[in-house]
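Q: Quick one, coords_12.txt (compact mmCIF, C-alpha atoms and all ligand atoms):
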# COMPACT_ATOMS: atom_id res chain seq x y z
CA MET A 154 38.81 -72.82 -52.66
CA LYS A 155 39.33 -72.99 -56.43
CA ARG A 156 35.60 -73.12 -57.02
CA GLN A 157 35.09 -70.06 -54.86
CA GLU A 158 37.77 -68.19 -56.88
CA ASN A 159 35.98 -69.19 -60.06
CA PHE A 160 32.68 -68.01 -58.72
CA LYS A 161 34.16 -64.67 -57.69
CA ASN A 162 35.68 -64.21 -61.14
CA GLN A 163 32.37 -64.99 -62.77
CA VAL A 164 30.53 -62.52 -60.57
CA ARG A 165 33.19 -59.94 -61.36
CA SER A 166 32.87 -60.39 -65.11
CA ILE A 167 29.08 -60.30 -64.96
CA TYR A 168 29.40 -57.12 -62.95
CA LYS A 169 31.75 -55.64 -65.57
CA VAL A 170 29.34 -56.52 -68.39
CA LEU A 171 26.50 -54.90 -66.43
CA VAL A 172 28.48 -51.70 -65.83
CA VAL A 173 29.54 -51.50 -69.48
CA SER A 174 25.98 -52.02 -70.73
CA LEU A 175 24.66 -49.42 -68.28
CA ILE A 176 27.20 -46.93 -69.58
CA MET A 177 26.16 -47.73 -73.15
CA VAL A 178 22.47 -47.33 -72.39
CA PHE A 179 23.29 -44.04 -70.72
CA LEU A 180 25.31 -42.83 -73.73
CA ILE A 181 22.62 -43.92 -76.21
CA GLY A 182 20.07 -42.09 -74.07
CA ILE A 183 22.10 -38.91 -74.17
CA LEU A 184 22.57 -39.22 -77.93
CA GLY A 185 18.83 -39.77 -78.27
CA ILE A 186 18.08 -36.64 -76.29
CA ILE A 187 20.57 -34.62 -78.35
CA TYR A 188 18.95 -35.99 -81.50
CA MET A 189 15.49 -35.02 -80.32
CA VAL A 190 16.60 -31.52 -79.41
CA SER A 191 18.50 -30.85 -82.64
CA PRO A 192 18.41 -33.58 -85.28
CA SER A 193 20.63 -31.47 -87.51
CA SER A 194 23.67 -32.07 -85.32
CA PHE A 195 23.62 -35.62 -86.63
CA SER A 196 23.88 -34.74 -90.27
CA PHE A 197 27.47 -34.59 -91.38
CA LYS A 198 26.70 -33.60 -94.92
CA SER A 199 27.14 -29.87 -94.64
CA ASP A 200 29.88 -29.87 -97.26
CA ARG A 201 27.71 -31.20 -100.04
CA PRO A 202 24.20 -30.09 -100.89
CA ASP A 203 21.61 -32.70 -100.07
CA THR A 204 17.88 -32.56 -100.60
CA LYS A 205 17.22 -31.37 -97.08
CA MET A 206 19.40 -28.29 -97.52
CA ILE A 207 17.78 -27.47 -100.83
CA THR A 208 14.27 -27.47 -99.36
CA VAL A 209 15.45 -25.20 -96.54
CA THR A 210 16.73 -22.59 -98.98
CA GLU A 211 13.52 -22.84 -101.00
CA GLU A 212 11.51 -22.19 -97.87
CA GLU A 213 13.66 -19.21 -97.09
CA ASP A 214 13.04 -17.84 -100.57
CA ASP A 215 9.29 -18.31 -100.13
CA TRP A 216 9.36 -16.85 -96.66
CA ASP A 217 8.92 -13.25 -97.78
CA LYS A 218 7.46 -13.91 -101.19
CA VAL A 219 5.08 -11.32 -102.60
CA GLU A 220 2.61 -12.36 -105.24
CA ASN A 221 -0.01 -10.12 -106.89
CA GLY A 222 0.78 -7.37 -104.41
CA VAL A 223 0.17 -9.61 -101.40
CA HIS A 224 2.80 -10.80 -98.96
CA LEU A 225 1.99 -14.50 -99.04
CA ARG A 226 3.07 -15.45 -95.53
CA THR A 227 0.93 -12.83 -93.79
CA GLY A 228 -1.62 -11.70 -96.36
CA LEU A 229 -0.56 -8.07 -95.94
CA LYS A 230 -0.58 -5.78 -98.93
CA GLU A 231 2.75 -4.95 -100.51
CA ALA A 232 3.50 -1.28 -99.96
CA ASP A 233 6.01 1.00 -98.30
CA GLY A 234 6.58 -0.23 -94.76
CA LEU A 235 5.39 -3.79 -95.39
CA MET A 236 8.45 -5.40 -93.84
CA ALA A 237 8.33 -3.12 -90.80
CA VAL A 238 4.79 -4.34 -90.18
CA VAL A 239 5.67 -7.96 -90.90
CA ASN A 240 8.64 -7.84 -88.54
CA ASN A 241 6.93 -6.00 -85.70
CA CYS A 242 3.26 -6.86 -85.89
CA THR A 243 3.00 -10.53 -86.81
CA ASN A 244 5.12 -12.05 -84.05
CA CYS A 245 2.46 -12.36 -81.37
CA HIS A 246 -0.74 -12.63 -83.33
CA SER A 247 -1.81 -13.22 -86.87
CA ALA A 248 -1.63 -10.42 -89.38
CA GLN A 249 -5.37 -10.94 -89.80
CA LEU A 250 -5.87 -9.17 -86.48
CA VAL A 251 -4.06 -6.19 -87.98
CA ILE A 252 -5.87 -6.38 -91.32
CA GLN A 253 -9.34 -6.71 -89.81
CA ASN A 254 -8.95 -3.67 -87.59
CA ARG A 255 -9.38 -0.52 -89.59
CA MET A 256 -8.59 2.43 -87.41
CA SER A 257 -7.71 6.06 -87.61
CA ARG A 258 -4.12 7.04 -86.92
CA GLU A 259 -5.04 8.08 -83.38
CA ARG A 260 -6.71 4.75 -82.65
CA TRP A 261 -3.69 2.92 -84.05
CA VAL A 262 -1.39 4.87 -81.76
CA GLU A 263 -3.67 4.03 -78.84
CA THR A 264 -3.70 0.36 -79.79
CA ILE A 265 0.09 0.29 -80.04
CA ARG A 266 0.42 2.05 -76.66
CA TRP A 267 -2.04 -0.44 -75.16
CA MET A 268 0.01 -3.37 -76.47
CA GLN A 269 3.18 -1.72 -75.21
CA GLU A 270 1.72 -1.21 -71.75
CA THR A 271 -0.04 -4.52 -71.35
CA GLN A 272 1.28 -7.01 -73.92
CA ASN A 273 5.04 -6.41 -73.85
CA LEU A 274 5.13 -4.84 -77.27
CA TRP A 275 8.55 -3.29 -77.65
CA ASP A 276 9.38 0.33 -78.45
CA LEU A 277 8.98 0.62 -82.21
CA GLY A 278 11.37 3.54 -82.58
CA ASN A 279 11.48 5.03 -86.05
CA ASN A 280 9.42 2.14 -87.33
CA GLU A 281 6.35 3.44 -85.54
CA GLU A 282 5.81 6.21 -88.11
CA VAL A 283 6.51 3.79 -90.95
CA ILE A 284 4.01 1.28 -89.54
CA LEU A 285 1.34 3.92 -88.90
CA ASP A 286 1.75 5.26 -92.44
CA TYR A 287 1.45 1.77 -93.83
CA LEU A 288 -1.66 0.98 -91.81
CA VAL A 289 -3.64 4.14 -92.50
CA THR A 290 -2.67 4.13 -96.17
CA ASN A 291 -3.36 0.50 -96.92
CA TYR A 292 -6.10 -0.30 -94.42
CA PRO A 293 -8.00 2.97 -94.11
CA LEU A 294 -11.20 3.38 -92.18
CA LEU A 295 -14.13 2.09 -94.17
CA LYS A 296 -16.56 4.93 -94.65
CA LYS A 297 -19.01 2.76 -96.53
CA GLY A 298 -21.06 0.07 -94.89
CA ARG A 299 -19.95 -3.49 -94.51
CA ARG A 300 -19.68 -3.95 -98.25
CA GLU A 301 -20.61 -2.27 -101.45
CA ASN A 302 -23.94 -3.08 -103.01
CA LEU A 303 -23.88 -5.99 -105.37
CA THR A 304 -23.98 -5.12 -109.03
CA ASP A 305 -24.19 -7.21 -112.17
CA ILE A 306 -26.20 -9.93 -110.52
CA GLU A 307 -27.74 -12.56 -112.68
CA TRP A 308 -31.06 -13.09 -110.99
CA TYR A 309 -32.73 -16.39 -111.54
CA THR A 310 -36.32 -17.40 -110.96
CA LEU A 311 -37.22 -20.25 -108.72
CA ASN A 312 -39.18 -22.93 -110.51
CA GLU A 313 -41.80 -24.56 -108.37
C1 LIG B 401 4.52 -8.49 -78.07
C2 LIG B 401 3.39 -9.08 -78.74
C3 LIG B 401 2.64 -8.22 -79.74
C4 LIG B 401 3.16 -7.55 -80.82
C5 LIG B 401 4.58 -7.54 -81.32
C6 LIG B 401 2.06 -6.89 -81.45
N1 LIG B 401 0.91 -7.15 -80.77
FE1 LIG B 401 -0.93 -6.59 -81.33
N2 LIG B 401 -1.71 -7.57 -79.74
C7 LIG B 401 -1.01 -8.35 -78.87
C8 LIG B 401 -1.93 -9.03 -77.98
C9 LIG B 401 -1.53 -10.02 -76.89
C10 LIG B 401 -3.20 -8.65 -78.37
C11 LIG B 401 -4.52 -9.13 -77.82
C12 LIG B 401 -4.88 -10.33 -78.68
C13 LIG B 401 -6.22 -10.84 -78.41
O1 LIG B 401 -7.04 -10.14 -77.84
O2 LIG B 401 -6.45 -12.01 -78.80
C14 LIG B 401 -3.04 -7.74 -79.49
C15 LIG B 401 -4.09 -7.15 -80.16
C16 LIG B 401 -3.97 -6.39 -81.31
C17 LIG B 401 -5.06 -5.81 -82.02
C18 LIG B 401 -6.53 -5.94 -81.66
C19 LIG B 401 -6.82 -4.82 -80.69
C20 LIG B 401 -8.25 -4.81 -80.29
O3 LIG B 401 -8.69 -3.72 -79.95
O4 LIG B 401 -8.88 -5.87 -80.32
C21 LIG B 401 -4.56 -5.15 -83.08
C22 LIG B 401 -5.31 -4.37 -84.11
C23 LIG B 401 -3.12 -5.30 -83.02
N3 LIG B 401 -2.80 -6.08 -81.93
C24 LIG B 401 -2.25 -4.74 -83.91
C25 LIG B 401 -0.88 -4.84 -83.82
C26 LIG B 401 0.04 -4.09 -84.63
C27 LIG B 401 -0.34 -3.12 -85.72
C28 LIG B 401 1.29 -4.47 -84.25
C29 LIG B 401 2.62 -3.93 -84.78
C30 LIG B 401 2.92 -2.58 -84.40
C31 LIG B 401 1.16 -5.44 -83.18
N4 LIG B 401 -0.17 -5.63 -82.93
C32 LIG B 401 2.20 -6.07 -82.56
C33 LIG B 401 0.35 -8.49 -78.80
C34 LIG B 401 1.23 -7.96 -79.72
Give the structure from this file in structure tokens form.

A:
Amino acid sequence: MKRQENFKNQVRSIYKVLVVSLIMVFLIGILGIIYMVSPSSFSFKSDRPDTKMITVTEEEDDWDKVENGVHLRTGLKEADGLMAVVNNCTNCHSAQLVIQNRMSRERWVETIRWMQETQNLWDLGNNEEVILDYLVTNYPLLKKGRRENLTDIEWYTLNE
């Protein structure tokens, strides 16, 4: 009888250990998932600047940096309406698609309507005029050929 009691107690304690470890594995799993989804919720250093926070602010400063008249992040020219174009025209595709396409104002309006009808482009409101002005001013139709003729070339002779 005593031995059976002992055995029961042992089984019970093993069972308890198992349940506790299962709960722990479960909790660690949940913490792991939370960490994967947002690692920042595990940093408790928000009250003092650490290196991570400094790099984030630097990135934010660089985010809309303009150098030599070019918006670095997108390659668009700096001019009136730049940010309207950056904010409305670089979300779905690269700004290169905008830069490469030189169109008249009418073609730009058509392109915007086409994107609005088929690609979920939102209503641009007052920004539409600003964007159109920016595009036709800074990326006008090229009347010349693909490129201007080369000048100032230093020709060299091929030696056999
Ligand atoms: C909601 C998403 C979205 C936004 C915002 C957007 N476009 Fe587009 N646009 C597209 C899609 C999708 C295509 C087709 C891309 C492709 O063919 O690879 C496209 C294509 C283009 C093209 C190429 C058209 C052609 O004939 O090949 C140009 C130029 C263009 N967009 C300019 C703009 C301009 C300017 C803006 C800002 C007013 C803008 N896009 C904003 C989705 C968008």

Q: Tell me, as a list in words, which residues lie within 9 Å of region 215-229 of chain A, counting only C-alpha atoms; anything in the same chain fewer than 6 positions away does not count.

A: Leu235, Met236, Val238, Val239, Thr243, Ser247, Ala248, Gln249, Val251 and Ile252 of chain A

Q: Residues of chain A that approach ligand LIG 401 (chain B) to 7 Å or less, counting all atoms listed in the file: could you list each one with the shortest pair of atoms and its distance in Å to one decimal, rows by chain and increasing residue number, as CSV?

A:
residue,atom,partner,partner_atom,distance
A:Val238,CA,B:LIG401,C29,5.8
A:Asn241,CA,B:LIG401,C29,4.9
A:Cys242,CA,B:LIG401,C29,3.2
A:Thr243,CA,B:LIG401,C32,6.2
A:Asn244,CA,B:LIG401,C5,5.3
A:Cys245,CA,B:LIG401,C2,4.3
A:His246,CA,B:LIG401,C7,6.2
A:Leu250,CA,B:LIG401,C22,5.4
A:Val251,CA,B:LIG401,C22,4.5
A:Asn254,CA,B:LIG401,C22,5.1
A:Thr264,CA,B:LIG401,C19,6.1
A:Ile265,CA,B:LIG401,C30,5.9
A:Met268,CA,B:LIG401,N2,5.6
A:Gln272,CA,B:LIG401,C9,5.1
A:Asn273,CA,B:LIG401,C1,4.7
A:Leu274,CA,B:LIG401,C1,3.8
A:Trp275,CA,B:LIG401,C1,6.6
A:Ile284,CA,B:LIG401,C30,6.5

Q: For Gln253 (chain A), which residue among A:Leu277, A:Val283, A:Val170, A:Leu288 is the nearest when counting all atoms listed in the file?

A: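 Looking only at the distances to Gln253 (chain A), the closest residue turns out to be A:Leu288.
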
Q: Could you check how far CA of Asn291 (chain A) sits from CA of Trp267 (chain A), in Å to one decimal?

A: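 CA of Trp267 (chain A) lies 21.8 Å from CA of Asn291 (chain A).
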
Q: Report, in Å to a single decimal, how far apart CA of Gln269 (chain A) and CA of Ala237 (chain A) are.

A: 16.5 Å

Q: By how many Å are CA of Asn240 (chain A) and CA of Asn279 (chain A) apart?

A: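 Between CA of Asn240 (chain A) and CA of Asn279 (chain A) the gap is 13.4 Å.
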
Q: Set the distance at 10 Å and use all atoms listed in the file: which residues neighbour Arg258 (chain A) once local chain neighbours fewer than 6 positions away are removed? I'd like the list as a PyMOL selection string.

A: chain A and resi 264+285-286+288-290+293-294
